[in-house]
Each structure stands twice: as structure tokens, then as C-alpha cells.
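A.B. asks: My structure is in run_30.txt, and what it holds is compact mmCIF, C-alpha atoms:
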# COMPACT_ATOMS: atom_id res chain seq x y z
CA MET D 1 0.00 0.00 0.00
CA ALA D 2 1.40 3.39 -0.92
CA GLY D 3 2.76 5.46 1.96
CA PRO D 4 1.13 8.76 2.93
CA GLN D 5 2.14 11.86 1.02
CA PRO D 6 4.09 14.51 2.98
CA LEU D 7 1.19 16.97 3.00
CA ALA D 8 -1.25 14.25 4.04
CA LEU D 9 1.05 13.33 6.88
CA LEU D 10 1.27 16.95 7.99
CA LEU D 11 -2.50 17.23 7.81
CA GLY D 12 -2.84 14.13 9.92
CA LEU D 13 -0.35 15.36 12.47
CA ALA D 14 -2.27 18.61 12.81
CA MET D 15 -5.32 16.69 13.98
CA VAL D 16 -3.76 14.19 16.37
CA THR D 17 -3.60 14.33 20.13
CA LEU D 18 -0.29 15.61 21.48
CA CYS D 19 1.17 14.09 24.63
CA HIS D 20 3.98 15.10 26.94
CA GLY D 21 7.56 14.22 26.14
CA GLY D 22 7.28 14.64 22.37
CA CYS D 23 5.12 11.53 21.87
CA VAL D 24 2.39 11.93 19.27
CA GLU D 25 -0.61 9.62 19.06
CA VAL D 26 -1.35 9.13 15.36
CA GLU D 27 -4.35 7.11 14.27
CA SER D 28 -3.76 4.02 12.17
CA GLU D 29 -4.70 3.70 8.53
CA THR D 30 -7.57 1.28 8.05
CA GLU D 31 -7.35 0.00 4.47
CA ALA D 32 -4.95 -2.83 3.70
CA VAL D 33 -4.22 -4.22 0.24
CA ALA D 34 -4.26 -7.99 -0.18
CA GLY D 35 -0.81 -9.46 -0.77
CA GLU D 36 1.05 -6.41 0.53
CA THR D 37 2.55 -5.40 3.88
CA PHE D 38 0.36 -3.25 6.11
CA ARG D 39 1.20 -1.41 9.31
CA ILE D 40 -1.41 -1.29 12.07
CA ARG D 41 -0.32 1.73 14.08
CA CYS D 42 -0.78 1.73 17.83
CA ILE D 43 0.79 4.55 19.89
CA SER D 44 0.10 5.05 23.58
CA CYS D 45 1.89 8.05 25.08
CA LYS D 46 2.74 8.43 28.73
CA LYS D 47 0.91 11.31 30.38
CA ARG D 48 3.98 11.98 32.53
CA SER D 49 7.05 11.89 30.30
CA GLU D 50 9.49 12.39 33.18
CA THR D 51 8.29 9.25 34.98
CA GLU D 52 10.01 5.95 34.23
CA ALA D 53 7.74 3.14 33.10
CA GLU D 54 7.59 -0.41 31.88
CA ALA D 55 4.98 -1.71 29.48
CA PHE D 56 3.93 -4.72 27.48
CA THR D 57 1.20 -5.23 24.90
CA ASP D 58 -1.31 -7.87 23.89
CA TRP D 59 -3.12 -7.82 20.58
CA TYR D 60 -6.56 -9.30 19.92
CA PHE D 61 -8.36 -9.97 16.66
CA LYS D 62 -12.02 -10.48 15.76
CA GLN D 63 -12.46 -11.70 12.21
CA GLN D 64 -15.17 -10.13 10.07
CA GLY D 65 -18.48 -11.80 10.88
CA MET D 66 -17.28 -13.33 14.17
CA GLU D 67 -18.46 -12.33 17.64
CA GLU D 68 -15.45 -12.88 19.91
CA PHE D 69 -11.88 -11.60 19.99
CA ASP D 70 -8.95 -14.02 19.90
CA HIS D 71 -5.62 -13.34 21.61
CA ILE D 72 -3.15 -13.30 18.71
CA LEU D 73 0.16 -11.99 20.08
CA HIS D 74 2.12 -10.68 23.06
CA TYR D 75 5.18 -8.40 23.16
CA ASP D 76 7.50 -7.32 25.95
CA VAL D 77 11.15 -6.28 25.91
CA GLU D 78 12.36 -9.54 27.48
CA THR D 79 10.52 -12.23 25.52
CA LYS D 80 10.03 -10.08 22.39
CA LEU D 81 7.22 -10.97 19.98
CA ARG D 82 5.25 -14.13 20.67
CA ILE D 83 2.59 -15.21 18.15
CA LEU D 84 -0.27 -16.95 19.97
CA ASP D 85 -2.61 -17.59 17.04
CA PRO D 86 -1.54 -20.03 14.26
CA ARG D 87 -3.37 -17.92 11.68
CA PHE D 88 -0.75 -15.18 12.17
CA GLU D 89 2.34 -17.37 12.36
CA ASP D 90 5.11 -15.84 10.19
CA LEU D 91 2.64 -13.17 9.07
CA VAL D 92 3.28 -10.54 11.77
CA ALA D 93 6.37 -8.47 12.57
CA TRP D 94 7.01 -6.05 15.43
CA GLU D 95 7.14 -2.39 14.35
CA GLY D 96 7.04 -0.69 17.75
CA THR D 97 9.53 0.59 20.33
CA LYS D 98 12.65 -1.55 20.65
CA HIS D 99 15.50 -2.02 23.15
CA THR D 100 13.57 -0.51 26.06
CA ALA D 101 10.81 -1.61 28.43
CA ASP D 102 9.22 1.83 28.21
CA LEU D 103 7.04 1.02 25.21
CA GLN D 104 5.07 3.87 23.69
CA GLU D 105 4.73 2.71 20.09
CA LEU D 106 3.26 -0.77 19.83
CA SER D 107 2.61 -1.02 16.11
CA ILE D 108 2.74 -4.27 14.15
CA LEU D 109 3.19 -5.21 10.50
CA LEU D 110 0.87 -7.61 8.73
CA LEU D 111 2.98 -9.42 6.15
CA ASN D 112 1.36 -10.58 2.92
CA VAL D 113 -2.13 -9.43 3.92
CA THR D 114 -5.02 -11.84 3.30
CA PHE D 115 -8.78 -11.28 3.27
CA ASP D 116 -9.01 -13.48 6.37
CA GLN D 117 -7.23 -10.72 8.30
CA GLU D 118 -10.08 -8.27 7.76
CA GLY D 119 -11.82 -7.33 10.97
CA ASP D 120 -11.28 -5.57 14.32
CA TYR D 121 -7.95 -5.42 16.16
CA ILE D 122 -7.43 -4.41 19.78
CA CYS D 123 -4.04 -3.13 20.92
CA SER D 124 -3.99 -3.53 24.71
CA VAL D 125 -1.25 -1.66 26.57
CA ASN D 126 -0.35 -2.54 30.15
CA ARG D 127 1.93 0.18 31.59
CA THR D 128 3.43 0.40 35.07
CA LEU D 129 4.67 3.82 36.16
CA LEU D 130 7.70 3.65 38.48
CA PHE D 131 7.90 6.33 41.17
CA ALA D 132 10.33 6.95 44.01
CA ASN D 133 10.21 4.81 47.17
CA ASP D 134 9.17 1.79 45.10
CA HIS D 135 5.72 3.26 44.49
CA THR D 136 4.07 2.06 41.27
CA HIS D 137 0.89 2.83 39.38
CA ASN D 138 -0.63 0.57 36.72
CA VAL D 139 -2.46 1.90 33.66
CA MET D 140 -4.39 -0.09 31.04
CA VAL D 141 -5.16 1.36 27.61
CA ASN D 142 -7.09 -0.35 24.80
CA LYS D 143 -7.15 0.92 21.23
CA THR D 144 -9.45 -0.62 18.62
CA VAL D 145 -8.76 -0.47 14.87
CA HIS D 146 -11.04 -1.83 12.14
CA ILE D 147 -9.14 -3.05 9.08
CA ASP D 148 -10.70 -3.47 5.63
CA VAL D 149 -8.83 -5.58 3.07
CA VAL D 150 -9.17 -4.59 -0.60
CA GLU D 151 -7.73 -5.91 -3.85
CA LYS D 152 -6.45 -2.52 -4.96
CA ALA D 153 -5.56 0.61 -3.03
CA ASN D 154 -8.13 3.39 -3.15
CA ARG D 155 -7.23 7.04 -2.88
CA ASP D 156 -8.59 8.34 0.40
CA MET D 157 -9.85 11.84 1.05
CA ALA D 158 -6.66 12.89 2.84
CA SER D 159 -4.61 12.04 -0.25
CA ILE D 160 -6.95 14.00 -2.52
CA VAL D 161 -6.98 17.01 -0.19
CA SER D 162 -3.19 16.93 0.13
CA GLU D 163 -2.76 16.94 -3.65
CA ILE D 164 -5.16 19.88 -4.01
CA MET D 165 -3.31 21.74 -1.26
CA MET D 166 -0.01 21.06 -3.02
CA TYR D 167 -1.22 22.61 -6.30
CA VAL D 168 -2.81 25.55 -4.47
CA LEU D 169 0.46 26.12 -2.62
CA ILE D 170 2.43 26.04 -5.88
CA VAL D 171 0.08 28.60 -7.46
CA VAL D 172 0.19 30.87 -4.40
CA LEU D 173 3.99 30.71 -4.24
CA THR D 174 4.27 31.43 -7.96
CA ILE D 175 2.01 34.49 -7.67
CA TRP D 176 3.94 35.66 -4.61
CA LEU D 177 7.28 35.32 -6.43
CA VAL D 178 5.99 37.22 -9.45
CA ALA D 179 4.63 39.98 -7.19
CA GLU D 180 7.97 40.19 -5.37
CA MET D 181 9.85 40.41 -8.66
CA VAL D 182 7.55 43.19 -9.94
CA TYR D 183 7.87 45.06 -6.64
CA CYS D 184 11.67 44.78 -6.63
CA TYR D 185 11.86 45.86 -10.29
CA LYS D 186 9.71 48.95 -9.62
CA LYS D 187 11.74 49.79 -6.54
CA ILE D 188 15.04 49.48 -8.40
CA ALA D 189 13.67 51.47 -11.34
CA ALA D 190 12.44 54.23 -9.02
CA ALA D 191 15.80 54.35 -7.22
CA THR D 192 17.65 54.50 -10.54
CA GLU D 193 15.41 57.30 -11.81
CA ALA D 194 15.82 59.26 -8.58
CA ALA D 195 19.59 58.86 -8.75
CA ALA D 196 19.58 60.00 -12.38
CA GLN D 197 17.50 63.07 -11.53
CA GLU D 198 19.79 63.89 -8.61
CA ASN D 199 22.87 63.59 -10.84
CA ALA D 200 21.21 65.78 -13.48
CA SER D 201 20.36 68.43 -10.89
CA GLU D 202 23.94 68.41 -9.57
CA TYR D 203 25.24 68.72 -13.14
CA LEU D 204 22.94 71.67 -13.88
CA ALA D 205 23.94 73.33 -10.63
CA ILE D 206 27.63 72.92 -11.43
CA THR D 207 27.12 74.20 -14.97
CA SER D 208 25.18 77.24 -13.74
CA GLU D 209 27.85 78.01 -11.15
CA SER D 210 30.56 77.73 -13.81
CA LYS D 211 28.71 80.20 -16.06
CA GLU D 212 28.37 82.68 -13.21
CA ASN D 213 32.07 82.41 -12.45
CA CYS D 214 32.90 82.94 -16.11
CA THR D 215 30.62 86.02 -16.25
CA GLY D 216 32.29 87.48 -13.16
CA VAL D 217 35.71 87.06 -14.66
CA GLN D 218 34.68 88.84 -17.88
CA VAL D 219 33.17 91.82 -15.95
CA ALA D 220 36.31 92.15 -13.89
CA GLU D 221 38.40 92.43 -17.02
Turn this file's structure into C-alpha cells for me.
C.D. replies:
Amino acid sequence: MAGPQPLALLLGLAMVTLCHGGCVEVESETEAVAGETFRIRCISCKKRSETEAEAFTDWYFKQQGMEEFDHILHYDVETKLRILDPRFEDLVAWEGTKHTADLQELSILLLNVTFDQEGDYICSVNRTLLFANDHTHNVMVNKTVHIDVVEKANRDMASIVSEIMMYVLIVVLTIWLVAEMVYCYKKIAAATEAAAQENASEYLAITSESKENCTGVQVAE
């Protein structure tokens, strides 16, 4: 599936929820293309960035038309990714935070997407905040994402809007550059004309003074 265009990404970032510590919670895309790799984004930011924490995640899946969720995988920094559902064996890769127990991005990759993977996914985050004096506080966060699987990628509204914005921006910048060029040309022309007039006035003044001096010399003779 084609990645988001830069303007679409900026548009998306402008509408997301900002958290402390520079973490940004961006919603996942929801349309996967059969046979391709698809990223299900799950980001859970700490509300207190200065507090140390440890976290692990469990993912659940409810296939389209089914009623119950199945536990499909578990990830923590020690045991890494563990696939718990045979349907996802060798078809999922970890795309989240690595090399630290303080997980904030818990995204996964679906490899070689199939129509059987269409449905609802739950990203469950279990975070323990570590305070001084061995005090801890546990937080549970669940994020649900519905994934549709299609044969061919469709252009979403964000992509269309971003392309329109790109062309509008190009037109606006072109008009602005032309206006700046015209303004600078007029300013330079006006300065040149003023300088020419000033030089002409000085020349006339010098010429007039020279004539007066010449006249005085003749009268004295």
C-alpha cells in the first residue's frame, strides 16, 4: 500500500492528540491491500514523560463476521514478539519501540495481507509507572482499529486534499514570487530614476555656477 504523502502526513499530524515528552498519538490507517505489507499503528503516550515506566502489549483480533476476539500476540522487551494464534504465524512483525521496556509505540506489521485478516484489532497496553520509594501505578489502555482488506488501493480523502493543497500552494507561491519580482523591479527602477535626476540636478547646478564664475571674470576684465 502506498505510503502517505508529505502533505497528508502533515494534515494528519495537525489533527492528532499531542502528549507530553514529544510523543504523538497518530491514528492508524484502516485500508490494507491484499498481498502487501500493512502497518497497524498503535501509539500510547505516557501522560507523565518524566516518569520511568515499563509496558507490554497484547493484541486481539475479531475476524469479520465473528463475535469474539482471539488473543493473537504478546510483546515485551524480554521475551520479544510471541505469536499466539496459528493464523498469524510468520505473518506478523514487530514495528514498535525496541531495546527498552518503556514502550510507547506498539505497532505491528501484517505481512502478505489476506482477506481473512479483515476485521477488528485491539491493541492492549499494560503500563506500570515507576515512582520513588518503590511506588508504582498501573495503567491499562485499549485501542481498537477496524481493518478493511481490498484488492487494490483506493485514494482516500486525505490524499486527494493533500494533492489539491499542493497545487494551491504552488500557485500561491508562484504568484507571490511574481509579485515580489515586480515590486523589486519597480523599486530598483524608481531608485535609478531618482539617482539620475539627482545627478542631473547636480550637473545643472555645477554648470550654472561655472557660467556665473565665467561672467564674473569677464566683468572684472
A.B. asks: Go through D:Met140, D:Val149, D:Met66, D:Ala93 and flag the residue nearest D:Val113, using only C-alpha atoms for the distances.
C.D. replies: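 Selected residue with least distance to D:Val113: D:Val149.
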A.B. asks: For a cut-off of 8 Å around (1.2, -10.0, 10.5), file coordinates, pick out all residues using only C-alpha atoms and list them as a VMD selection string.
C.D. replies: chain D and resid 88 to 93 108 to 113
A.B. asks: Using all atoms listed in the file, can you tell me which of D:Leu169, D:Val125, D:Cys23, D:Val77 comes closest to D:Lys47?
C.D. replies: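 Looking only at the distances to D:Lys47, the closest residue turns out to be D:Cys23.
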A.B. asks: At what distance in Å, to one decimal, does atom CA of D:Phe56 lie from atom CA of D:Ser124?
C.D. replies: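 Between atom CA of D:Ser124 and atom CA of D:Phe56 the gap works out to 8.5 Å.
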A.B. asks: How far is it from atom CA of D:Thr97 to atom CA of D:Thr51, in Å with one decimal?
C.D. replies: 17.1 Å
A.B. asks: Could you make a table, as a Markdown table, of the residues of stretch 96-173 of chain D that have an atom within 12 Å of an atom of stretch 31-43 of chain D, each with its nearest atom pair and distance in Å to one decimal, counting only C-alpha atoms, in chain and number order?
C.D. replies:
| residue | atom | partner | partner_atom | distance |
| --- | --- | --- | --- | --- |
| D:Gly96 | CA | D:Cys42 | CA | 8.2 |
| D:Thr97 | CA | D:Ile43 | CA | 9.6 |
| D:Leu103 | CA | D:Ile43 | CA | 8.9 |
| D:Gln104 | CA | D:Ile43 | CA | 5.8 |
| D:Glu105 | CA | D:Ile43 | CA | 4.4 |
| D:Leu106 | CA | D:Cys42 | CA | 5.2 |
| D:Ser107 | CA | D:Arg41 | CA | 4.5 |
| D:Ile108 | CA | D:Ile40 | CA | 5.5 |
| D:Leu109 | CA | D:Arg39 | CA | 4.5 |
| D:Leu110 | CA | D:Phe38 | CA | 5.1 |
| D:Leu111 | CA | D:Thr37 | CA | 4.6 |
| D:Asn112 | CA | D:Gly35 | CA | 4.4 |
| D:Val113 | CA | D:Ala34 | CA | 4.8 |
| D:Thr114 | CA | D:Ala34 | CA | 5.2 |
| D:Phe115 | CA | D:Ala34 | CA | 6.6 |
| D:Asp116 | CA | D:Ala34 | CA | 9.8 |
| D:Gln117 | CA | D:Ala34 | CA | 9.4 |
| D:Glu118 | CA | D:Ala32 | CA | 8.5 |
| D:Gly119 | CA | D:Glu31 | CA | 10.8 |
| D:Asp120 | CA | D:Ile40 | CA | 11.0 |
| D:Tyr121 | CA | D:Ile40 | CA | 8.7 |
| D:Ile122 | CA | D:Cys42 | CA | 9.3 |
| D:Cys123 | CA | D:Cys42 | CA | 6.6 |
| D:Ser124 | CA | D:Cys42 | CA | 9.2 |
| D:Val125 | CA | D:Ile43 | CA | 9.3 |
| D:Val141 | CA | D:Ile43 | CA | 10.3 |
| D:Asn142 | CA | D:Cys42 | CA | 9.6 |
| D:Lys143 | CA | D:Cys42 | CA | 7.3 |
| D:Thr144 | CA | D:Cys42 | CA | 9.0 |
| D:Val145 | CA | D:Ile40 | CA | 7.9 |
| D:His146 | CA | D:Glu31 | CA | 8.7 |
| D:Ile147 | CA | D:Glu31 | CA | 5.8 |
| D:Asp148 | CA | D:Glu31 | CA | 5.0 |
| D:Val149 | CA | D:Ala32 | CA | 4.8 |
| D:Val150 | CA | D:Val33 | CA | 5.0 |
| D:Glu151 | CA | D:Ala34 | CA | 5.5 |
| D:Lys152 | CA | D:Val33 | CA | 5.9 |
| D:Ala153 | CA | D:Val33 | CA | 6.0 |
| D:Asn154 | CA | D:Glu31 | CA | 8.4 |
| D:Arg155 | CA | D:Glu31 | CA | 10.2 |
| D:Asp156 | CA | D:Glu31 | CA | 9.4 |
A.B. asks: In Å, with one decimal, what is the gap from atom CA of D:Pro86 to atom CA of D:Glu68?
C.D. replies: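 The value is 16.6 Å.
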A.B. asks: Which residues, written as a PDB file with C-alpha atoms, in the coordinates of the input, have at least one atom at most 8 Å from D:His74, with all atoms listed in the file counted and residues fewer than 3 positions away on the same chain left out?
C.D. replies:
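Dumped everything to result21.pdb:
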ATOM      1  CA  PHE D  56       3.930  -4.720  27.480  1.00  0.00           C
ATOM      2  CA  THR D  57       1.200  -5.230  24.900  1.00  0.00           C
ATOM      3  CA  ASP D  58      -1.310  -7.870  23.890  1.00  0.00           C
ATOM      4  CA  TRP D  59      -3.120  -7.820  20.580  1.00  0.00           C
ATOM      5  CA  LYS D  80      10.030 -10.080  22.390  1.00  0.00           C
ATOM      6  CA  LEU D  81       7.220 -10.970  19.980  1.00  0.00           C
ATOM      7  CA  ARG D  82       5.250 -14.130  20.670  1.00  0.00           C
ATOM      8  CA  ILE D  83       2.590 -15.210  18.150  1.00  0.00           C
ATOM      9  CA  LEU D  84      -0.270 -16.950  19.970  1.00  0.00           C
TER      10      LEU D  84
END
